[in-house]
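Trainee: Got a structure for you, questions after.
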Amino acid sequence: MAERTTGQQPFAGWDKPDLDLSDAHWRSGSQGVGDVQIAFVEGFIAMRNAGKPGGPSLIFTPAEWRAFVVNARDGEFDLT
């Protein structure tokens with residue numbers, strides 16, 4: 001069964017494509033609990049929970065991904 005993003009688009013005005021993630025090369029930053037994985041697919045970035053790989057994936061445009069990475073590096077999401 002191919003893993004697809006179809007049916008995982010809960011918001012009105014969703015402008016992300018229906019990506020086939022079944023052959024995606026998922027990358028992980030660590031092997032820890034709660035780890036996330038990312039994959040570069042058809043010019044987009046998919047993110048999923050490594051502990052639940054069959055669950056939904058978040059899809060980002062390159063501009064959205066860059067904004068996330070830049071803000072994360074700047075400490076925007078630090079909880080301390």
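Simple scheme: letters A, B, ... for chains in structure tokens order, numbers from 1 for residues in each chain, numbers from 1 for ligands in the order shown.
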Leaving out range 59-76 of chain A and any residue of its chain fewer than 5 positions from it, which residues lie within 6 Å of it when counting only C-alpha atoms, given as a list of chain:residue names?
Mentor: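 That gives A:Phe44, A:Ile45, A:Ala46.
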Trainee: Using only C-alpha atoms, determine which residues lie at most 10 Å from Pro53 in chain A, disregarding the query and same-chain residues fewer than 2 positions distant; provide the list as a list in words.
Mentor: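 What passes the distance filter is Glu3, Trp26, Val36, Gln37, Met47, Arg48, Asn49, Ala50, Gly51, Gly55, Pro56 and Ser57 of chain A.
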